[in-house]
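Single-structure report; data block below.
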2 protein chains.
Amino acid sequence: MNGSSMIDSQVSSSIESSGRSPMDALISVTSADMEAVNTLILSKAKSHVEMVPAIARHLIDAGGKRLRPMLTLAAAQLVGATSGHQISYAAALEFMHNATLLHDDVVDESEMRRGKPAARKIWGNQASVLVGDFLLGQAFMMMVDAGSLPALKVLSSAAATIAEGEVLQLSVATNLDTSEEEYFEVIGAKTAALFEAATEVGAMAGEPVEAERAALALYGRELGVAFQLVDDVLDYGGAGGVLGKNTGDDLREGKMTLPIIVALKSATGDERALIAEALGDDTVDAHRFGIILDIVKRHGGLNYTLEHAHKHAQAARTALDSLPASELRDILANMGDYCVGRAY
Amino acid sequence: MNGSSMIDSQVSSSIESSGRSPMDALISVTSADMEAVNTLILSKAKSHVEMVPAIARHLIDAGGKRLRPMLTLAAAQLVGATSGHQISYAAALEFMHNATLLHDDVVDESEMRRGKPAARKIWGNQASVLVGDFLLGQAFMMMVDAGSLPALKVLSSAAATIAEGEVLQLSVATNLDTSEEEYFEVIGAKTAALFEAATEVGAMAGEPVEAERAALALYGRELGVAFQLVDDVLDYGGAGGVLGKNTGDDLREGKMTLPIIVALKSATGDERALIAEALGDDTVDAHRFGIILDIVKRHGGLNYTLEHAHKHAQAARTALDSLPASELRDILANMGDYCVGRAY
């Protein structure tokens, strides 16, 4: 899976036995600002060329919980931003994210996205590529309108980094020798860079001291890494490794995620051969995937990946230590553990 | 064909019986600056992710004569720009252009580009989409580094407009009822918007008075329209309508260009049926294309399109009237006629 899908769609349930989850709390504290963001998103997705708003709205209306723009808004609140620019930044973030989803679905030949047929299945790959480009252009226009060159630098750098990470992911696809280091480079670029940009530009909507900005950027980065690690575990059925309708896509797409990289390290020759055969084979059914899943579990691929997720969630928490204590800071600090909790 | 291919590859020959062509003159007056642009382009196409520079260089080295960045540099010279920003702007323009070419080739399922196999034929559609995204991100970073928000606004607006135009083109593909108005909207967006941005940001590298900036923007726009009209005539064999190895792609891709729109206006029922059958059919061979070409010629599709090209070339010339006379102004003024001359 790629970054968004599973976690976004499951945010409404709480990991806590009582009280609201950090995600619910985040939704609540950003809800007023998010209304403005949603209004802006809808106005900027307009075009008299019918396919443009049709595709944009198909994707945008399908939801996801808009974690990235919420992070931008929360970071802005945390530094007491009064510029109002966080609204544009948050909308731009969401446009960039949706542009990458449109392009990812073409690249991954995905059938579904956020529980609906992927845009490319309805309007074709061609329109998906072009509307992604449109959203990217609109994202930059919103940033320009907000008028901050430093924030534009963060966003444009993230755009290039994300694409670079996706190319790296593509170039190591089905490569059994992919290293853990390469994996972390891929997810750092394709996922964490946008989380980092989200919290960093959120901070930049205020007038943060450099340390605050750096702390929030690091927080976003670590949270993004934890988020992707969990996503990659969920694609192998979560901590328990349970087969489900959302499992096995990464394997079928040949994606070298950490669970499979770890398994390959100590796999027997026979196991290795089975994995090699299944990677990138989109005909792998539940039975064959179950066999690979057993291999991954046997070699500790899921536990190892989750340990790393815990570590990065902890690093995200720690990154906020230097900021003044507040309820909002606590909500953000708990987001990492909440994300990791989704795997259990 | 899309904007660049034919004309770019034929610039070295002169349309004048003696002396150098406006294109050769433009190459000559911008050559010193272009060296700096080329150096910047190569440095910004770097990445340790091997496929990124491989694809970028495949496209960039194949050439084309870099008309858009040359226009940026010439516009900057014309207003006496001393900021040096035109170098970044020109490189950013070329990156944007190459990003759209990569995506266009995926959308059009092209086999060739600039006389070489299209990147997507070597590295696949997936990598072409992603490296296009990377180039777009890098283009914006270069613009940010140059530090002008107004210039960034021009470029990001062009990026969104180009994508919108491509979506419109896609949505009217093979639609026999496509109007002339829709056609001009498509080429105004997909081609002329980037020409306009090229000359406008070139002017903005200086400190032009508003009238100069507007004049150069209009010049770029009109030149771009003329350029695309000629390209669309060349795809039907130029003014003479002569079958060649570079003819018929637009028909096979179902593109509703002006020659075919005009032909459809007065075509008989039988002719209309033949056109309908051929549009979007990639198996159309030389014989079948020859039949369509005869229909297009019979109904004046090529002449009509060229008349419009002449008109826009003239409008490009006139746009420069308000600028002080100079050799460079004359070179630019002649560019439109030069472009149109390619069709003969």
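Residues are named by chain letter and number: chains run A, B, ... in the order of the structure tokens, numbers start at 1 in each chain, and ligands are numbered from 1 in the order shown.
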- Could you give me, as a ChimeraX atom specification, the residues within 7 Å of stretch 63-75 of chain A, counting only C-alpha atoms and dropping anything in the same chain fewer than 4 positions from it? /A:8-9,30,79,86,90-91,93-94,114,195,198-199,201-203,216
Please, could you write that set of residues out with N, CA and C atoms as a tab-separated table (two decimals), in the first residue's frame?
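And here is the file that came out, again-v5.tsv:
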chain	number	residue	atom	x	y	z
A	8	ASP	N	-5.71	5.85	6.83
A	8	ASP	CA	-6.68	6.93	6.64
A	8	ASP	C	-8.12	6.44	6.79
A	9	SER	N	-8.35	5.22	6.30
A	9	SER	CA	-9.72	4.77	6.26
A	9	SER	C	-10.17	4.15	7.57
A	30	THR	N	-8.74	20.63	14.78
A	30	THR	CA	-8.48	21.30	13.50
A	30	THR	C	-9.76	21.50	12.68
A	79	VAL	N	2.42	26.80	17.02
A	79	VAL	CA	3.34	27.94	17.08
A	79	VAL	C	2.56	29.26	17.14
A	86	GLN	N	-1.73	29.07	6.79
A	86	GLN	CA	-1.81	27.61	6.97
A	86	GLN	C	-2.97	27.01	6.19
A	90	ALA	N	-2.21	24.02	3.81
A	90	ALA	CA	-2.86	22.73	4.04
A	90	ALA	C	-3.57	22.24	2.78
A	91	ALA	N	-4.24	23.15	2.09
A	91	ALA	CA	-4.92	22.77	0.84
A	91	ALA	C	-3.90	22.35	-0.21
A	93	LEU	N	-0.96	21.10	0.32
A	93	LEU	CA	-0.46	19.78	0.74
A	93	LEU	C	-1.39	18.67	0.26
A	94	GLU	N	-2.67	18.88	0.47
A	94	GLU	CA	-3.65	17.85	0.09
A	94	GLU	C	-3.68	17.67	-1.43
A	114	ARG	N	-9.07	4.14	-1.75
A	114	ARG	CA	-10.01	4.61	-0.73
A	114	ARG	C	-11.39	3.96	-0.88
A	195	PHE	N	5.04	14.38	4.91
A	195	PHE	CA	4.68	14.60	6.31
A	195	PHE	C	5.56	15.72	6.90
A	198	ALA	N	4.52	18.96	5.61
A	198	ALA	CA	3.23	19.36	6.19
A	198	ALA	C	3.42	20.08	7.52
A	199	THR	N	4.20	19.49	8.39
A	199	THR	CA	4.38	20.12	9.70
A	199	THR	C	5.31	21.33	9.61
A	201	VAL	N	5.77	23.49	6.99
A	201	VAL	CA	5.10	24.69	6.47
A	201	VAL	C	4.01	25.16	7.43
A	202	GLY	N	3.43	24.22	8.19
A	202	GLY	CA	2.49	24.62	9.23
A	202	GLY	C	3.17	25.57	10.21
A	203	ALA	N	4.35	25.18	10.66
A	203	ALA	CA	5.11	26.04	11.57
A	203	ALA	C	5.43	27.37	10.90
A	216	LEU	N	9.30	20.67	14.62
A	216	LEU	CA	8.07	20.23	13.96
A	216	LEU	C	8.36	19.50	12.65
- Message: If DSSP is run on the backbone, what residues of stretch 157-195 of chain A are alpha helix (DSSP H)? A reply as number ranges by chain would be ideal.
- Response: A: 157-171, 180-187, 193-195
- Restrict the distance test to only C-alpha atoms, flag each residue of chain B within 7 Å of chain A, and return the flagged residues as a list in words. Val49, Val107, Gln126, Ala127, Leu130, Val131, Asp133, Phe134, Gly137, Gln138, Phe140, Met141, Val144, Gly147, Leu149, Leu152, Lys153, Ser156, Ser157, Ala159, Ala160, Ala163, Glu164, Glu166, Val167 and Leu168 of chain B
- Query: Which residues come within 8 Å of B:Gly248, counting only C-alpha atoms, excluding same-chain residues fewer than 3 positions away, as a ChimeraX atom specification?
  - Reply: /B:235-236,251-252,289
Output file for the selection above: C-alpha atoms, as a compact mmCIF listing (two decimals), in the first residue's frame:
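File part12.txt, as written:
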# COMPACT_ATOMS: atom_id res chain seq x y z
CA ASP B 235 1.31 16.24 -39.18
CA TYR B 236 -0.81 16.27 -42.35
CA LEU B 251 -5.14 11.16 -36.74
CA ARG B 252 -4.11 7.82 -35.28
CA PHE B 289 -3.95 8.01 -44.25
- Any idea what's packed within 12 Å of A:Thr268, counting only C-alpha atoms, ignoring anything in its chain fewer than 6 positions away? Could you give it as JSON, numbers by chain? {"A": [274, 275, 295, 296, 298, 299]}
- Message: Just the number, please: distance in Å from atom CA of A:Glu111 to atom CA of A:Asn98, one decimal.
- Response: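 Spanning atom CA of A:Glu111 to atom CA of A:Asn98 is a straight-line distance of 16.1 Å.
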- Task: Could you give me, as a list in words, each residue of stretch 24-199 of chain B that DSSP assigns to strand (DSSP E or B) when run on this structure's backbone?
- Result: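 Across stretch 24-199 of chain B, those assigned strand (DSSP E or B) are Met112, Arg113, Lys116 and Pro117 of chain B.
The space between atom CA of A:Ala192 and atom CA of A:His97 spans 11.8 Å.
Atom CA of B:Asn246 sits 26.1 Å away from atom CA of B:Ala54.
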